[in-house]
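In what follows, a single structure is set out as structure tokens and then discussed.
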Amino acid sequence: MRAPTWLPMPVRRALRVVRRYWRVLARHLERYTAPARRAWRRSLQLRVVALTLVASSLLVGTFGAFIANSSTDILLSRAEDEARTAMNGKVDYALKQLTLYPQARDPELPNALNDLANELYDGETGSPGSSIVSIRAENYPDLQAVTVPPTADTSDLITRDMIDKVSAGSGKQARQIRTAEINGQVTKYLVYGSPVPTRFGHVELYYMVPLTTEDQDANLIRTIVLATGLALVILLGVVAGLVTRLVVTPVRVAARTAQRLSAGLLDQRMKVDGEDDLALLAAAFNQMAANLQRQIVRLEEMSRLQRRFTSDVSHELRTPLTTVRMAADLIFSEREEFDPAVARSAELLQAELDRFEELLTDLLEISRFDAGFAALDAEHTDLVPIVERVAERLTGLAERAGVELELRLPDTPVIAEVDPRRVERVLRNLVGNAVEHGEAKPVRITMATDDAAVAITVRDHGIGLKPGEERLVFNRFWRADPSRARQTGGTGLGLSISVEDARLHGGWLEAWGAPGEGAQFRLTLPVRAGDRLVAAPLPLIPRDRGPEVPLPLITRDRTAEVG
């Protein structure tokens with residue numbers, strides 16, 4: 001967000017500097033807090049314990065503060081009651097003693113006030129933290145204030161506001177709590193002040209009681225409450241951790257067992273202890289694993305039998321096919337001497353035998369892929385001549401279909417570590433399908449390369465693919481339009497074999513299509529055998545689709561799995 005232009009230039013510069021430093025700080029915080037955030041996301045036990053600690057801390061803190069404040073209020077209230085009672089007794093005693101003096105100018109009155117203060121003092125003289133008694137006569141300046149003990153400085157305890165309230169003569173007592181340094185020690189005092197009526201007017205009696213004991217008791221209560229609350233929070237955290245562990249541990253065991261099952265270790269089971277809900281979970285998981293194992297073993301056996309059946313049938317059909325091929329070749333070579341209908345039948349027989357032989361070859365190749373016996377014979381090869389050779393061999397088919405083949409190839413050699421036979425077979429399938437579905441429109445073959453990968457795209461402008469069919473085209477014997485006649489006499493296994501060839505190279509074979517906009521297939525191969533692909537030099541979506549369509553470059557990290 002930019003600073004408003006109406007701000008002065010120095011302010012805008014300062015804001016830019018602040019934003020820059022803030023972004024740097026945010027990046028550092030994100031980097032340093034990444035382990036904690038990762039642990040928070042991945043650990044259920046950590047989240048439960050942390051939430052328990054936070055909730056229990058709030059609860060215990062609230063109750064602890066309530067208890068501590070209540071205890072402090074009770075201690076202070078008790079101290080106030082005791083001080084008030086003592087103050088009332090001292091006021092009554094002082095009233096009796098001072099009624100003997102009718103005038104404030106009585107020469108015996110100062111000594112009487114001094115003696116009265118000493119008699120009212122109930123502490124130990126010189127003892128730190130003891131009570132203080134002070135008698136004052138604000139309305140009679142000639143009478144000096146008397147304080148016991150004399151060394152106590154009460155200027156911070158008896159404030160001017162309190163003096164004004166007591167000396168007003170309303171007969172009401174005043175009370176306040178003050179903290180002051182008395183005799184070198186900072187002490188909190190409960191200060192009471194009360195007027196004492198006499199025959200000549202009234203004097204003010206102040207009684208200051210230290211709250212040292214109450215403060216110590218309140219601090220002790222707070223310490224006990226704090227220690228107890230902290231211990232309770234820690235105990236709740238430990239209990240939450242143990243309880244959560246009882247639940248999380250079987251879940252983790254189930255997750256590890258599921259990972260082993262997904263890795264192919266079908267004999268893995270969970271340990272069943274007791275008869276509670278967790279034991280029921282473990283038993284149900286084991287039952288599920290056993291059922292899955294039976295089903296997987298059954299499917300593997302069926303798949304093995306199917307692959308063996310396909311392979312055996314393909315091999316067994318080779319011998320009669322060879323015999324039929326010899327007879328068909330003989331008939332086909334003499335077709336010109338036959339009746340036109342018989343000659344046409346010989347041609348059809350020859351074409352179907354070619355397709356049948358191609359189907360057997362594809363079935364044998366598929367069976368080798370299924371059995372895991374397919375091997376990559378990789379060598380450093382220039383891919384440009386391979387593409388040119390494929391285009392040259394399919395030129396006749398393209399001319400019959402009215403399709404023009406356009407080649408967009410680099411001027412320099414494109415060397416990659418591939419199996420040339422398999423790459424040529426893939427390109428032959430892709431270009432043949434594009435010609436068949438090209439609707440007499442040009443088919444463009446494009447090649448591009450970078451340091452890590454080589455990409456070849458085959459683009460046609462035919463009927464295209466419906467949404468979702470870009471994945472189905474690689475299924476065995478799948479056809480977008482079953483009623484559509486094949487011009488190339490394909491077997492329906494070409495793209496399936498092409499996918500396996502691309503996967504064997506560690507590459508990708510992908511398809512894009514849209515109804516009425518044609519289709520594009522992209523073959524991406526690593527330059528060095530065994531490298532992992534992370535990007536393709538050419539986009540999967542063609543650039544000529546339209547100006548409104550973005551031109552993404554596929555850079556996502558993916559496995560060699562296609563579809």
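Note on naming: chains are A, B, ... as they come in the structure tokens, residues start from 1 per chain, ligands start from 1 in the order shown.
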
Fewer than 5 positions away in the same chain doesn't count, so skip those; otherwise give me all residues within 8 Å of Gly513 (chain A), counting only C-alpha atoms, as a list in words.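 Skipping anything fewer than 5 positions along the chain leaves Gly464, Leu465, Lys466, Pro467, Glu470, Gly518, Ala519 and Gln520 of chain A.
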
Hey, what's within 12 Å of region 270-279 of chain A if we count only C-alpha atoms and toss same-chain stuff fewer than 5 positions away? As a ChimeraX atom specification, please? /A:246-258,260-261,284-290

Just how far from CA of Met87 (chain A) is CA of Leu143 (chain A), in Å to one decimal?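 CA of Met87 (chain A) lies at a distance of 21.9 Å from CA of Leu143 (chain A).
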
Find the residues around region 225-227 of chain A up to 10 Å (only C-alpha atoms counted), leave out those fewer than 3 positions away in its own chain, and share them as a ChimeraX atom specification. /A:60-61,63-65,67-68,219-222,230-233

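Residue nearest Leu397 (chain A) within the list A:Arg31, A:Arg42, A:Arg428, A:Arg422: A:Arg428 [criterion: smallest interatomic distance, only C-alpha atoms].
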
Skipping near chain neighbours, those fewer than 5 positions away, what residues fall within 12 Å of Arg245 (chain A) using only C-alpha atoms, listed as a ChimeraX atom specification? /A:43-49,237-240,250-253

DSSP helix (DSSP H, G or I) selection over region 247-359 of chain A, as a PyMOL selection string: chain A and resi 247-262+277-333+335-337+340-359

For region 101-111 of chain A, please output as a list of chain:residue names all residues within 8 Å (counting only C-alpha atoms; exclusion window: fewer than 2 positions along the same chain).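 Near region 101-111 of chain A, the qualifying residues are A:Leu98, A:Thr99, A:Leu113, A:Asn114, A:Asp115, A:Tyr140, A:Leu143, A:Gln144, A:Thr198, A:Arg199, A:Phe200.
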
12 Å contact set for region 163-176 of chain A, only C-alpha atoms, chain neighbours under 6 positions out, as a VMD selection string: chain A and resid 76 80 to 81 83 to 84 87 to 88 91 134 to 140 154 to 157 188 to 198 201 to 209

Region 136-377 of chain A: residues DSSP assigns to strand (DSSP E or B), reported as a PyMOL selection string: chain A and resi 136+146-148+174-182+185-197+202-210

Can you pull out every residue within 7 Å of region 325-339 of chain A, counting only C-alpha atoms, but drop anything in the same chain fewer than 6 positions away, and send it as a VMD selection string? chain A and resid 346 to 347 350

Take the residues that were just selected and, keeping all heavy atoms, output them as a PDB file, in the first residue's frame.
ATOM      1  N   ALA A 346      -9.679 -60.809 -50.712  1.00  0.00           N
ATOM      2  CA  ALA A 346      -8.271 -61.054 -50.407  1.00  0.00           C
ATOM      3  C   ALA A 346      -7.614 -59.795 -49.835  1.00  0.00           C
ATOM      4  O   ALA A 346      -6.798 -59.850 -48.902  1.00  0.00           O
ATOM      5  CB  ALA A 346      -7.546 -61.522 -51.657  1.00  0.00           C
ATOM      6  N   GLU A 347      -7.947 -58.620 -50.390  1.00  0.00           N
ATOM      7  CA  GLU A 347      -7.389 -57.372 -49.881  1.00  0.00           C
ATOM      8  C   GLU A 347      -7.856 -57.097 -48.460  1.00  0.00           C
ATOM      9  O   GLU A 347      -7.071 -56.677 -47.595  1.00  0.00           O
ATOM     10  CB  GLU A 347      -7.780 -56.228 -50.804  1.00  0.00           C
ATOM     11  CG  GLU A 347      -7.157 -56.314 -52.189  1.00  0.00           C
ATOM     12  CD  GLU A 347      -7.673 -55.235 -53.123  1.00  0.00           C
ATOM     13  OE1 GLU A 347      -8.582 -54.487 -52.686  1.00  0.00           O
ATOM     14  OE2 GLU A 347      -7.174 -55.126 -54.255  1.00  0.00           O
ATOM     15  N   GLN A 350      -6.038 -59.363 -46.111  1.00  0.00           N
ATOM     16  CA  GLN A 350      -4.670 -58.915 -45.876  1.00  0.00           C
ATOM     17  C   GLN A 350      -4.635 -57.744 -44.891  1.00  0.00           C
ATOM     18  O   GLN A 350      -3.795 -57.703 -43.971  1.00  0.00           O
ATOM     19  CB  GLN A 350      -4.035 -58.499 -47.200  1.00  0.00           C
ATOM     20  CG  GLN A 350      -2.558 -58.137 -47.112  1.00  0.00           C
ATOM     21  CD  GLN A 350      -1.662 -59.343 -46.931  1.00  0.00           C
ATOM     22  OE1 GLN A 350      -2.139 -60.480 -47.052  1.00  0.00           O
ATOM     23  NE2 GLN A 350      -0.408 -59.125 -46.621  1.00  0.00           N
TER      24      GLN A 350
END

Interatomic distance (Å, one decimal) between CA of Val133 (chain A) and CA of Ser71 (chain A): 28.1 Å

Provide the CA of Ala514 (chain A) to CA of Glu439 (chain A) distance in Å, to one decimal place.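 CA of Ala514 (chain A) sits 14.4 Å away from CA of Glu439 (chain A).
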
So which one's closest to Arg528 (chain A), A:Gly516, A:Pro542, A:Gly506, A:Gly184? Using only C-alpha atoms, please.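 Once distances to Arg528 (chain A) are computed over only C-alpha atoms, the minimum belongs to A:Gly506.
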
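Between Asp377 (chain A) and the candidates A:Glu301, A:Asp501, A:Asp73, A:Asp161, the tightest atom-to-atom separation, counting only C-alpha atoms, involves A:Asp501.
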
Find the residue from A:Ala453, A:Ala94, A:Ile177, A:Val527 that sits nearest to Thr381 (chain A); use only C-alpha atoms when measuring.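 Smallest separation from Thr381 (chain A) among the options: A:Val527.
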